[in-house]
Every structure is written in structure tokens, then in C-alpha cells.
$ cat my_file30.cif   # mmCIF, C-alpha atoms
data_upload
#
loop_
_atom_site.group_PDB
_atom_site.id
_atom_site.type_symbol
_atom_site.label_atom_id
_atom_site.label_comp_id
_atom_site.auth_asym_id
_atom_site.auth_seq_id
_atom_site.Cartn_x
_atom_site.Cartn_y
_atom_site.Cartn_z
ATOM 1 C CA MET A 1 34.537 173.738 163.177
ATOM 2 C CA ASP A 2 33.349 177.306 163.726
ATOM 3 C CA GLY A 3 30.670 175.999 166.047
ATOM 4 C CA CYS A 4 33.249 174.271 168.227
ATOM 5 C CA PRO A 5 35.605 177.073 169.331
ATOM 6 C CA LEU A 6 38.680 176.723 171.521
ATOM 7 C CA GLN A 7 38.273 177.592 175.167
ATOM 8 C CA LEU A 8 41.438 178.488 177.085
ATOM 9 C CA ILE A 9 41.378 177.367 180.682
ATOM 10 C CA PHE A 10 44.023 177.568 183.406
ATOM 11 C CA ILE A 11 45.202 174.386 185.072
ATOM 12 C CA ASP A 12 47.560 173.064 187.719
ATOM 13 C CA PRO A 13 50.394 175.594 188.133
ATOM 14 C CA ALA A 14 52.608 172.734 189.315
ATOM 15 C CA HIS A 15 53.001 171.823 185.630
ATOM 16 C CA CYS A 16 53.580 175.435 184.546
ATOM 17 C CA HIS A 17 51.450 175.323 181.439
ATOM 18 C CA TYR A 18 48.033 176.064 180.062
ATOM 19 C CA LYS A 19 45.527 173.772 178.502
ATOM 20 C CA ALA A 20 43.611 174.684 175.380
ATOM 21 C CA ARG A 21 40.456 172.616 175.149
ATOM 22 C CA LYS A 22 38.093 172.284 172.248
ATOM 23 C CA LYS A 23 34.602 171.937 173.702
ATOM 24 C CA GLU A 24 33.346 168.337 173.754
ATOM 25 C CA GLU A 25 36.502 167.168 171.950
ATOM 26 C CA SER A 26 39.900 165.808 172.989
ATOM 27 C CA GLN A 27 42.353 167.990 174.906
ATOM 28 C CA THR A 28 45.660 169.452 173.744
ATOM 29 C CA HIS A 29 48.350 171.204 175.775
ATOM 30 C CA LEU A 30 49.571 174.754 175.364
ATOM 31 C CA ARG A 31 53.094 174.908 176.754
ATOM 32 C CA TRP A 32 55.007 177.999 177.870
ATOM 33 C CA LEU A 33 56.791 177.960 174.512
ATOM 34 C CA GLU A 34 53.464 178.529 172.773
ATOM 35 C CA VAL A 35 52.812 181.761 174.639
ATOM 36 C CA GLU A 36 53.758 185.005 172.901
ATOM 37 C CA ILE A 37 54.318 188.153 174.935
ATOM 38 C CA GLY A 38 54.518 191.815 174.073
ATOM 39 C CA GLU A 39 54.789 195.105 175.897
ATOM 40 C CA LYS A 40 52.027 197.654 175.708
ATOM 41 C CA HIS A 41 52.116 199.854 172.556
ATOM 42 C CA THR A 42 54.545 197.499 170.765
ATOM 43 C CA SER A 43 53.990 195.258 167.727
ATOM 44 C CA VAL A 44 53.826 191.468 167.930
ATOM 45 C CA THR A 45 53.829 189.047 164.988
ATOM 46 C CA LEU A 46 52.138 185.665 165.397
ATOM 47 C CA THR A 47 52.943 182.798 163.049
ATOM 48 C CA CYS A 48 50.579 179.932 162.285
ATOM 49 C CA LYS A 49 52.541 176.662 162.353
ATOM 50 C CA THR A 50 51.063 175.004 159.288
ATOM 51 C CA ASN A 51 51.978 174.104 155.721
ATOM 52 C CA LYS A 52 48.901 175.876 154.416
ATOM 53 C CA ASP A 53 49.638 179.041 152.418
ATOM 54 C CA SER A 54 46.525 180.886 153.505
ATOM 55 C CA VAL A 55 44.752 180.916 156.867
ATOM 56 C CA THR A 56 42.171 182.967 158.736
ATOM 57 C CA TRP A 57 42.575 184.112 162.321
ATOM 58 C CA LYS A 58 40.261 184.339 165.342
ATOM 59 C CA ARG A 59 40.801 185.737 168.830
ATOM 60 C CA GLU A 60 39.070 184.374 171.911
ATOM 61 C CA ASP A 61 38.959 186.306 175.182
ATOM 62 C CA ALA A 62 36.622 186.647 178.137
ATOM 63 C CA LEU A 63 34.045 188.411 175.963
ATOM 64 C CA GLY A 64 33.855 185.784 173.218
ATOM 65 C CA ILE A 65 35.334 184.980 169.806
ATOM 66 C CA VAL A 66 36.256 187.629 167.222
ATOM 67 C CA ASP A 67 37.160 187.085 163.543
ATOM 68 C CA ILE A 68 40.364 188.961 162.716
ATOM 69 C CA VAL A 69 40.136 191.232 159.646
ATOM 70 C CA GLU A 70 42.721 193.583 158.180
ATOM 71 C CA SER A 71 42.709 196.882 160.061
ATOM 72 C CA GLU A 72 44.884 199.701 161.335
ATOM 73 C CA TYR A 73 45.879 197.529 164.302
ATOM 74 C CA GLU A 74 46.041 194.071 162.700
ATOM 75 C CA LYS A 75 47.801 193.091 159.486
ATOM 76 C CA LEU A 76 47.353 189.699 157.775
ATOM 77 C CA SER A 77 50.105 188.273 155.566
ATOM 78 C CA GLY A 78 49.973 184.612 154.582
ATOM 79 C CA ARG A 79 50.527 182.562 157.746
ATOM 80 C CA HIS A 80 51.446 185.674 159.772
ATOM 81 C CA LEU A 81 49.382 188.084 161.842
ATOM 82 C CA THR A 82 50.939 191.305 163.137
ATOM 83 C CA VAL A 83 49.247 193.137 166.010
ATOM 84 C CA PHE A 84 50.152 196.829 166.240
ATOM 85 C CA ASP A 85 50.084 199.129 169.292
ATOM 86 C CA LEU A 86 49.317 196.239 171.632
ATOM 87 C CA GLN A 87 46.575 196.951 174.166
ATOM 88 C CA LYS A 88 44.963 194.847 176.878
ATOM 89 C CA ASP A 89 41.825 194.320 174.776
ATOM 90 C CA GLN A 90 43.968 192.539 172.151
ATOM 91 C CA ILE A 91 45.113 189.881 174.622
ATOM 92 C CA GLY A 92 43.684 186.396 174.201
ATOM 93 C CA ASN A 93 43.913 183.030 172.502
ATOM 94 C CA TYR A 94 44.694 183.490 168.786
ATOM 95 C CA THR A 95 43.739 180.545 166.569
ATOM 96 C CA CYS A 96 44.448 180.094 162.876
ATOM 97 C CA TRP A 97 42.176 178.120 160.567
ATOM 98 C CA SER A 98 42.310 176.607 157.086
ATOM 99 C CA ASP A 99 39.549 175.050 155.016
ATOM 100 C CA LYS A 100 40.378 171.805 156.877
ATOM 101 C CA GLY A 101 39.785 173.296 160.314
ATOM 102 C CA LEU A 102 41.970 174.403 163.221
ATOM 103 C CA GLU A 103 45.694 174.555 162.396
ATOM 104 C CA ASP A 104 47.411 176.195 165.380
ATOM 105 C CA TYR A 105 46.909 178.458 168.395
ATOM 106 C CA THR A 106 48.970 180.954 170.397
ATOM 107 C CA TYR A 107 48.053 182.772 173.571
ATOM 108 C CA LEU A 108 49.112 186.433 173.475
ATOM 109 C CA LEU A 109 49.955 187.970 176.856
ATOM 110 C CA LEU A 110 50.787 191.503 177.934
ATOM 111 C CA ASP A 111 54.356 191.751 179.271
ATOM 112 C CA LYS A 112 54.416 193.477 182.678
ATOM 113 C CA SER A 113 58.030 192.676 183.547
ATOM 114 C CA LYS A 114 58.914 196.345 184.008
ATOM 115 C CA GLU A 115 56.424 196.435 186.882
ATOM 116 C CA ALA A 116 58.116 193.520 188.654
ATOM 117 C CA THR A 117 59.514 195.542 191.570
ATOM 118 C CA GLY A 118 56.510 194.736 193.748
ATOM 119 C CA PHE A 119 56.763 190.979 193.292
ATOM 120 C CA ASN A 120 59.497 189.593 195.523
ATOM 121 C CA ILE A 121 61.005 186.127 195.426
ATOM 122 C CA ASN A 122 62.068 184.933 198.884
ATOM 123 C CA CYS A 123 64.661 182.170 199.260
ATOM 124 C CA THR A 124 66.361 180.365 202.119
ATOM 125 C CA ALA A 125 68.809 177.460 202.372
ATOM 126 C CA GLU A 126 69.213 175.139 205.354
ATOM 127 C CA THR A 127 72.900 174.615 204.607
ATOM 128 C CA PHE A 128 75.793 175.617 202.369
ATOM 129 C CA SER A 129 75.906 172.127 200.912
ATOM 130 C CA CYS A 130 74.836 171.645 197.287
ATOM 131 C CA SER A 131 73.261 168.336 198.337
ATOM 132 C CA LYS A 132 70.357 170.394 199.705
ATOM 133 C CA HIS A 133 68.113 172.523 197.509
ATOM 134 C CA ILE A 134 67.383 176.217 197.915
ATOM 135 C CA LYS A 135 63.795 176.745 199.052
ATOM 136 C CA CYS A 136 61.946 179.703 197.499
ATOM 137 C CA THR A 137 58.459 181.181 197.638
ATOM 138 C CA TRP A 138 56.825 183.553 195.184
ATOM 139 C CA THR A 139 53.171 184.500 195.151
ATOM 140 C CA SER A 140 51.029 187.282 193.780
ATOM 141 C CA ASP A 141 47.315 188.034 193.653
ATOM 142 C CA GLU A 142 47.722 189.208 190.058
ATOM 143 C CA PHE A 143 49.321 186.038 188.653
ATOM 144 C CA THR A 144 48.220 182.442 188.911
ATOM 145 C CA ALA A 145 51.138 180.256 187.758
ATOM 146 C CA PHE A 146 54.821 180.619 188.540
ATOM 147 C CA ARG A 147 58.109 178.942 187.703
ATOM 148 C CA LEU A 148 61.721 179.557 188.743
ATOM 149 C CA ARG A 149 65.152 178.500 187.553
ATOM 150 C CA ASN A 150 68.712 178.826 188.811
ATOM 151 C CA THR A 151 70.093 180.823 185.882
ATOM 152 C CA ARG A 152 73.634 181.003 187.251
ATOM 153 C CA ASP A 153 73.983 177.220 187.188
ATOM 154 C CA LYS A 154 71.950 176.844 183.969
ATOM 155 C CA GLY A 155 69.272 174.914 185.851
ATOM 156 C CA ASP A 156 65.959 173.692 184.499
ATOM 157 C CA TRP A 157 62.670 175.425 185.182
ATOM 158 C CA VAL A 158 61.159 174.314 188.474
ATOM 159 C CA SER A 159 57.463 174.357 189.347
ATOM 160 C CA GLN A 160 55.817 174.899 192.709
ATOM 161 C CA SER A 161 55.221 171.985 195.027
ATOM 162 C CA VAL A 162 51.733 171.322 196.340
ATOM 163 C CA ASP A 163 52.314 173.715 199.269
ATOM 164 C CA GLY A 164 53.562 176.488 196.967
ATOM 165 C CA VAL A 165 57.321 176.093 197.539
ATOM 166 C CA PHE A 166 60.043 175.867 194.889
ATOM 167 C CA PHE A 167 63.065 173.608 195.489
ATOM 168 C CA LEU A 168 65.998 174.744 193.346
ATOM 169 C CA PRO A 169 69.238 172.755 192.961
ATOM 170 C CA HIS A 170 72.572 174.576 192.986
ATOM 171 C CA SER A 171 76.263 173.748 192.614
ATOM 172 C CA THR A 172 77.823 176.023 195.248
ATOM 173 C CA ASN A 173 80.931 174.529 196.855
ATOM 174 C CA SER A 174 80.527 174.827 200.628
ATOM 175 C CA TYR A 175 84.287 174.361 201.204
ATOM 176 C CA SER A 176 85.491 177.299 199.101
ATOM 177 C CA GLU A 177 84.831 181.023 199.100
ATOM 178 C CA GLU A 178 81.694 181.959 197.219
ATOM 179 C CA SER A 179 82.757 184.293 194.402
ATOM 180 C CA GLU A 180 79.711 184.404 192.131
ATOM 181 C CA ARG A 181 76.206 185.389 193.153
ATOM 182 C CA LEU A 182 73.300 183.075 192.453
ATOM 183 C CA LEU A 183 70.773 184.387 189.935
ATOM 184 C CA ILE A 184 67.216 183.114 190.222
ATOM 185 C CA THR A 185 64.924 183.927 187.296
ATOM 186 C CA GLY A 186 61.166 183.838 187.717
ATOM 187 C CA GLU A 187 58.304 183.845 185.249
ATOM 188 C CA ALA A 188 54.633 184.285 186.089
ATOM 189 C CA VAL A 189 51.488 184.257 183.976
ATOM 190 C CA SER A 190 47.801 184.939 184.294
ATOM 191 C CA THR A 191 45.005 184.885 181.732
ATOM 192 C CA CYS A 192 46.047 188.355 180.555
ATOM 193 C CA CYS A 193 49.624 189.028 181.543
ATOM 194 C CA TYR A 194 53.197 187.785 181.779
ATOM 195 C CA MET A 195 56.044 188.837 184.047
ATOM 196 C CA LYS A 196 59.738 187.992 184.283
ATOM 197 C CA THR A 197 61.973 189.006 187.175
ATOM 198 C CA ASP A 198 65.430 188.198 188.587
ATOM 199 C CA TYR A 199 66.655 187.768 192.156
ATOM 200 C CA SER A 200 70.405 187.749 192.843
ATOM 201 C CA PHE A 201 72.170 186.836 196.094
ATOM 202 C CA TYR A 202 75.057 184.954 197.670
ATOM 203 C CA LEU A 203 74.104 181.623 199.183
ATOM 204 C CA ARG A 204 75.699 182.690 202.470
ATOM 205 C CA ASP A 205 73.167 185.531 202.740
ATOM 206 C CA ILE A 206 70.123 183.249 202.700
ATOM 207 C CA VAL A 207 71.330 180.393 204.912
ATOM 208 C CA LYS A 208 68.816 179.606 207.643
ATOM 209 C CA PRO A 209 69.628 176.367 209.492
ATOM 210 C CA ALA A 210 66.942 173.810 210.215
ATOM 211 C CA ASP A 211 65.848 173.324 213.825
ATOM 212 C CA PRO A 212 68.619 171.860 216.024
ATOM 213 C CA ASN A 213 68.160 168.680 218.033
ATOM 214 C CA ILE A 214 67.723 169.159 221.756
ATOM 215 C CA SER A 215 67.868 166.822 224.771
ATOM 216 C CA ILE A 216 67.971 167.280 228.535
ATOM 217 C CA CYS A 217 70.966 165.389 229.902
ATOM 218 C CA THR A 218 70.733 165.850 233.678
ATOM 219 C CA VAL A 219 68.696 167.680 236.328
ATOM 220 C CA LYS A 220 70.501 168.341 239.617
ATOM 221 C CA ASN A 221 68.940 169.627 242.871
ATOM 222 C CA LYS A 222 65.529 169.001 241.340
ATOM 223 C CA GLY A 223 62.720 171.194 242.674
ATOM 224 C CA SER A 224 64.967 173.641 244.553
ATOM 225 C CA ASP A 225 66.040 177.155 243.687
ATOM 226 C CA GLN A 226 69.492 175.682 243.057
ATOM 227 C CA GLN A 227 68.192 173.343 240.372
ATOM 228 C CA ILE A 228 70.639 172.984 237.448
ATOM 229 C CA ILE A 229 69.566 171.609 234.097
ATOM 230 C CA GLU A 230 72.153 170.486 231.588
ATOM 231 C CA VAL A 231 70.920 170.723 228.004
ATOM 232 C CA GLU A 232 72.660 169.285 224.963
ATOM 233 C CA VAL A 233 72.028 170.740 221.500
ATOM 234 C CA MET A 234 73.185 169.003 218.337
ATOM 235 C CA PRO A 235 73.238 170.533 214.829
ATOM 236 C CA PRO A 236 70.345 169.725 212.491
ATOM 237 C CA SER A 237 70.859 166.655 210.318
ATOM 238 C CA SER A 238 71.127 168.836 207.199
ATOM 239 C CA TRP A 239 74.008 170.920 208.579
ATOM 240 C CA PRO A 240 77.371 170.245 206.834
ATOM 241 C CA GLN A 241 80.224 168.454 208.524
ATOM 242 C CA PRO A 242 82.736 168.603 210.075
ATOM 243 C CA TYR A 243 80.946 170.750 212.651
ATOM 244 C CA SER A 244 84.252 172.308 213.684
ATOM 245 C CA PHE A 245 84.506 173.766 210.188
ATOM 246 C CA PHE A 246 80.876 174.997 210.251
ATOM 247 C CA PRO A 247 80.363 176.025 213.901
ATOM 248 C CA LEU A 248 76.944 177.059 215.160
ATOM 249 C CA LYS A 249 75.941 179.634 217.724
ATOM 250 C CA HIS A 250 73.017 178.640 219.968
ATOM 251 C CA GLN A 251 70.350 180.506 221.867
ATOM 252 C CA ILE A 252 68.167 178.974 224.553
ATOM 253 C CA GLU A 253 64.884 180.442 225.785
ATOM 254 C CA TYR A 254 63.399 179.142 229.025
ATOM 255 C CA GLN A 255 60.433 179.925 231.278
ATOM 256 C CA ILE A 256 60.786 180.488 235.032
ATOM 257 C CA ARG A 257 58.292 178.232 236.785
ATOM 258 C CA HIS A 258 56.993 180.503 239.584
ATOM 259 C CA ASN A 259 56.294 183.670 237.546
ATOM 260 C CA GLY A 260 56.244 182.632 233.881
ATOM 261 C CA GLU A 261 59.090 185.001 232.970
ATOM 262 C CA LEU A 262 60.966 184.152 229.773
ATOM 263 C CA LYS A 263 64.758 184.422 229.718
ATOM 264 C CA THR A 264 67.336 183.792 226.998
ATOM 265 C CA LYS A 265 70.995 182.853 226.949
ATOM 266 C CA GLU A 266 73.455 182.445 224.078
ATOM 267 C CA TRP A 267 76.598 180.355 223.829
ATOM 268 C CA GLU A 268 79.145 179.462 221.187
ATOM 269 C CA GLU A 269 81.526 176.871 222.620
ATOM 270 C CA GLY A 270 80.431 173.234 222.863
ATOM 271 C CA SER A 271 77.085 171.552 222.514
ATOM 272 C CA LYS A 272 76.053 171.647 226.186
ATOM 273 C CA ILE A 273 74.823 174.423 228.447
ATOM 274 C CA LYS A 274 73.735 174.548 232.089
ATOM 275 C CA VAL A 275 70.733 176.598 233.182
ATOM 276 C CA LYS A 276 70.158 177.385 236.848
ATOM 277 C CA GLY A 277 66.782 177.807 238.550
ATOM 278 C CA GLN A 278 63.310 176.255 238.557
ATOM 279 C CA ILE A 279 62.348 176.058 234.895
ATOM 280 C CA SER A 280 59.081 174.786 233.439
ATOM 281 C CA LYS A 281 60.022 174.535 229.753
ATOM 282 C CA LEU A 282 62.730 175.494 227.266
ATOM 283 C CA ARG A 283 63.496 175.665 223.564
ATOM 284 C CA VAL A 284 66.566 176.334 221.386
ATOM 285 C CA ARG A 285 67.540 177.791 218.030
ATOM 286 C CA CYS A 286 70.843 178.174 216.158
ATOM 287 C CA ARG A 287 72.666 180.202 213.526
ATOM 288 C CA ASP A 288 75.978 180.057 211.672
ATOM 289 C CA MET A 289 78.564 181.466 214.062
ATOM 290 C CA LEU A 290 81.040 182.817 211.510
ATOM 291 C CA LEU A 291 78.740 184.366 208.910
ATOM 292 C CA LEU A 292 75.965 185.300 211.364
ATOM 293 C CA SER A 293 73.259 183.702 209.238
ATOM 294 C CA GLN A 294 69.556 183.955 209.979
ATOM 295 C CA TRP A 295 68.420 182.221 213.145
ATOM 296 C CA SER A 296 66.742 178.880 212.666
ATOM 297 C CA GLU A 297 63.165 178.455 213.807
ATOM 298 C CA TRP A 298 62.773 177.658 217.479
ATOM 299 C CA THR A 299 62.512 174.006 218.411
ATOM 300 C CA MET A 300 59.250 172.854 219.965
ATOM 301 C CA TRP A 301 58.944 173.685 223.659
ATOM 302 C CA LYS A 302 60.411 170.921 225.816
ATOM 303 C CA ASN A 303 58.866 170.486 229.250
ATOM 304 C CA VAL A 304 61.150 170.124 232.248
ATOM 305 C CA ASN A 305 59.693 167.604 234.706
#
$ encode --input "my_file30.cif" --output "C-alpha cells"
Amino acid sequence: MDGCPLQLIFIDPAHCHYKARKKEESQTHLRWLEVEIGEKHTSVTLTCKTNKDSVTWKREDALGIVDIVESEYEKLSGRHLTVFDLQKDQIGNYTCWSDKGLEDYTYLLLDKSKEATGFNINCTAETFSCSKHIKCTWTSDEFTAFRLRNTRDKGDWVSQSVDGVFFLPHSTNSYSEESERLLITGEAVSTCCYMKTDYSFYLRDIVKPADPNISICTVKNKGSDQQIIEVEVMPPSSWPQPYSFFPLKHQIEYQIRHNGELKTKEWEEGSKIKVKGQISKLRVRCRDMLLLSQWSEWTMWKNVN
């Protein structure tokens, strides 16, 4: 089978794994568990999962396939291969072979977790309720596949959605004081490297409500300088109830018809507000009134006829 080497190719990061493909033959999957990592200048031992007592090893990288022989940097011992003083040129797909053919494979990656400070995970939550997932993003030009898990709640690994967002479940009780920070663990891989990082926060610090619902109730003295518009704003459907227990603060932005000037007004009590003057359009956003969460996104502009 020497003439039919393994080729490692990267596939859909939504499944958080690699695929090892033997050219012109059937495909097999290389899962995250089959990836070995090591820091630079450390030693890593690879084990061939086989019942054969003696195997040979090969390494495939971007430059081709190399037969592994005993050296100062690589030691062979039965089904084991130890790589010493790990360097970037030793990264690649390691395959072990018997007289029957391919037995096993492991992809060796360089661990760059200590350089993780520049790779930030960003998370928001539309509500305190555990019925809604935390939404996170994490991207990097250096890495090509990512996965996250809620380590605090012992959650499963979660892959990116099609639009690159992670949706993480949590068990925070919205009706009691939050005493323990959430801990989100992230792993990222590329064809050469691996990285692990942690992001810790209280749920209350990342709450960002969804857009509120807005409607124009009445328009009095229409067309005059004394025109009064009454606007009603209701919490987003994802916001927890009762609303009296989770009050929202609102902000309205409106445009003066004759000069295009934009003005804003905030209010806390009740769902309705009256705005005086000739107004061409308006929009609203909201935030948690007690914890002063992030503002929601603005609603779409609503024209005032």
C-alpha cells in the first residue's frame, strides 16, 4: 500500500473533525480524539492502535511522505514512536504500517495554547432564562475549525452553525442570585496547530436583549407643530416574565421632519411614551433596567405617516 498514501484534508468545521482519505479508496474519519498535541521543544509519544508487535511509521505533511527511522529526534519502540524536541517541521499525519498494510494514523499538532491571548471568544445572551442558549462567536485567520463547550455545566462540545455562531446551553437560574461564573472552553485546530482557551463571565454581564416590539398607538394634532405620537413598546418575546420582575429601560430615537435632526429620549416606567412634534420616523431599543445590561439592537425604522 506504499503507493496509495494517506492524504489528510480538512472538512466541514461544523462537525469539528478531520477526514483522512486514502487516495482512490474508501474514506475514514479522524476525530478530535485521534489528534495528538505537543508544545514546542517537548516530547510526544504516539501509539499505534494495533495487535501487531512490530510496525513501521511514516509522516505525511505538505512536502510529502517521509519514512521514520531511528534518530536523535525520533525513537521507535514496538508500537510506539517518541518524537523529541518537537518542532513545526515534525507536525503532520503519522501513519503506522504492518506487513498487512495500514494499521492506524494520528495527526500531530503543535500546541499554541499559551499564545491564546489574542483569540477572543465573544458571547451574548438575549435573556437570563436557561431556556435560551448563549450565543458565541470565535474566529481566527490562523485556525480553521473551532468548538466550544460550557465547562461549568459539564456541557457537550458544540460546533459552529452555518453562519459561524455557537449556541451553548446553560443551567443558570434566572430567579436566584448568580453565584458561580460560567466557564466557556474553546478548542481550535488548523493543519499545523492546536489551541485551547477559556472565557469566564457571569451571565448577567453578557445579557443583550433581543429587539423590542414597537407600535404606534395614536397620532394627535396630525401635521401640526403640536403633533403628539403615542408609542407602545413591548419586551421581546424571549425576555423572561413576569416583566415586573425583569423590568426594561427603553430608549427611542426619532427624526424631526423639517430638518432631519435626530433626537433621543429614555424612559423606565410603563410601556408607552408620547413624543411631541412633527416626526418622520422612529425606532426603539431596550436594556435591563436593574443590571444595566447591554442595549439591544435598534428596531427597524418605523415611518410616521
$ residues_around --input "my_file30.cif" --residues "range 247-255 of chain A" --least-positions-apart "4" --cutoff "8 Å" --atoms "all atoms listed in the file" --output "PyMOL selection string"
chain A and resi 235+243+260-269+279-290
$ closest_residue --input "my_file30.cif" --among "A:Lys40, A:Lys114, A:Arg59, A:Lys208" --to "Asp85 in chain A" --atoms "all atoms listed in the file"
A:Lys40
$ closest_residue --input "my_file30.cif" --among "A:Trp239, A:Phe143, A:Trp138, A:Phe246" --to "Ile184 in chain A" --atoms "all atoms listed in the file"
A:Trp138
$ atom_distance --input "my_file30.cif" --atom1 "CA of Ser140 in chain A" --atom2 "CA of Ala188 in chain A"
9.0 Å
$ residues_around --input "my_file30.cif" --residues "Thr151 in chain A" --least-positions-apart "6" --cutoff "8 Å" --atoms "all atoms listed in the file" --output "PDB file with C-alpha atoms, in the coordinates of the input"
ATOM      1  CA  LEU A 182      73.300 183.075 192.453  1.00  0.00           C
ATOM      2  CA  LEU A 183      70.773 184.387 189.935  1.00  0.00           C
ATOM      3  CA  ILE A 184      67.216 183.114 190.222  1.00  0.00           C
ATOM      4  CA  THR A 185      64.924 183.927 187.296  1.00  0.00           C
TER       5      THR A 185
END
$ resolve_selection --input "my_file30.cif" --expression "the PyMOL selection byres ((chain A and resi 166) around 10)" --output "PyMOL selection string"
chain A and resi 14+123+133-138+146-149+158-165+167-169
$ resolve_selection --input "my_file30.cif" --expression "the PyMOL selection byres ((chain A and resi 304) around 12)" --output "MDAnalysis selection string"
chainID A and resid 215:219 222:223 227:231 254:257 275 277:283 301:303 305
$ closest_residue --input "my_file30.cif" --among "A:Asp89, A:Pro236, A:Val44, A:Asn51" --to "Val66 in chain A" --atoms "only C-alpha atoms"
A:Asp89
$ resolve_selection --input "my_file30.cif" --expression "the PyMOL selection byres ((chain A and resi 43) around 7)" --output "list of chain:residue names"
A:His41, A:Thr42, A:Val44, A:Thr45, A:Thr82, A:Val83, A:Phe84, A:Asp85, A:Leu86
$ closest_residue --input "my_file30.cif" --among "A:Tyr199, A:Ser244, A:Cys48, A:Phe128" --to "Ser176 in chain A" --atoms "all atoms listed in the file"
A:Phe128
$ closest_residue --input "my_file30.cif" --among "A:Ile214, A:Leu203, A:Leu292, A:Val69" --to "Arg152 in chain A" --atoms "all atoms listed in the file"
A:Leu203
$ atom_distance --input "my_file30.cif" --atom1 "CA of Ser238 in chain A" --atom2 "CA of Ser296 in chain A"
12.2 Å
$ atom_distance --input "my_file30.cif" --atom1 "CA of Glu126 in chain A" --atom2 "CA of Ala145 in chain A"
25.7 Å
$ residues_near_point --input "my_file30.cif" --point "(44.2, 191.2, 162.4)" --cutoff "9 Å" --atoms "only C-alpha atoms" --output "PyMOL selection string"
chain A and resi 57-58+67-76+81-83
$ residues_around --input "my_file30.cif" --residues "Gly78 in chain A" --least-positions-apart "4" --cutoff "10 Å" --atoms "only C-alpha atoms" --output "list in words"
Thr47, Cys48, Lys52, Asp53, Ser54, Val55 and Thr56 of chain A
$ closest_residue --input "my_file30.cif" --among "A:Thr191, A:Ser224, A:Ser131, A:Thr124" --to "Leu109 in chain A" --atoms "all atoms listed in the file"
A:Thr191
$ residues_around --input "my_file30.cif" --residues "Arg204 in chain A" --least-positions-apart "2" --cutoff "10 Å" --atoms "all atoms listed in the file" --output "MDAnalysis selection string"
chainID A and resid 124:125 127:128 174 177:178 181 201:202 206:208 288 291:294
$ axis_aligned_box --input "my_file30.cif" --around "range 202-218 of chain A" --padding-each-side "5 Å" --output "lines of an AutoDock Vina configuration file"
center_x = 70.8
center_y = 175.5
center_z = 215.7
size_x = 19.9
size_y = 30.1
size_z = 46.0
$ residues_near_point --input "my_file30.cif" --point "(59.4, 183.0, 181.8)" --cutoff "7 Å" --atoms "only C-alpha atoms" --output "PDB file with C-alpha atoms, in the coordinates of the input"
ATOM      1  CA  GLY A 186      61.166 183.838 187.717  1.00  0.00           C
ATOM      2  CA  GLU A 187      58.304 183.845 185.249  1.00  0.00           C
ATOM      3  CA  ALA A 188      54.633 184.285 186.089  1.00  0.00           C
ATOM      4  CA  LYS A 196      59.738 187.992 184.283  1.00  0.00           C
TER       5      LYS A 196
END
$ residues_around --input "my_file30.cif" --residues "Leu63 in chain A" --least-positions-apart "5" --cutoff "12 Å" --atoms "all atoms listed in the file" --output "compact mmCIF listing (two decimals) with C-alpha atoms, keeping the file's coordinate frame"
# COMPACT_ATOMS: atom_id res chain seq x y z
CA GLN A 7 38.27 177.59 175.17
CA ASP A 89 41.82 194.32 174.78
CA GLN A 90 43.97 192.54 172.15
CA ILE A 91 45.11 189.88 174.62
CA GLY A 92 43.68 186.40 174.20
CA ASN A 93 43.91 183.03 172.50
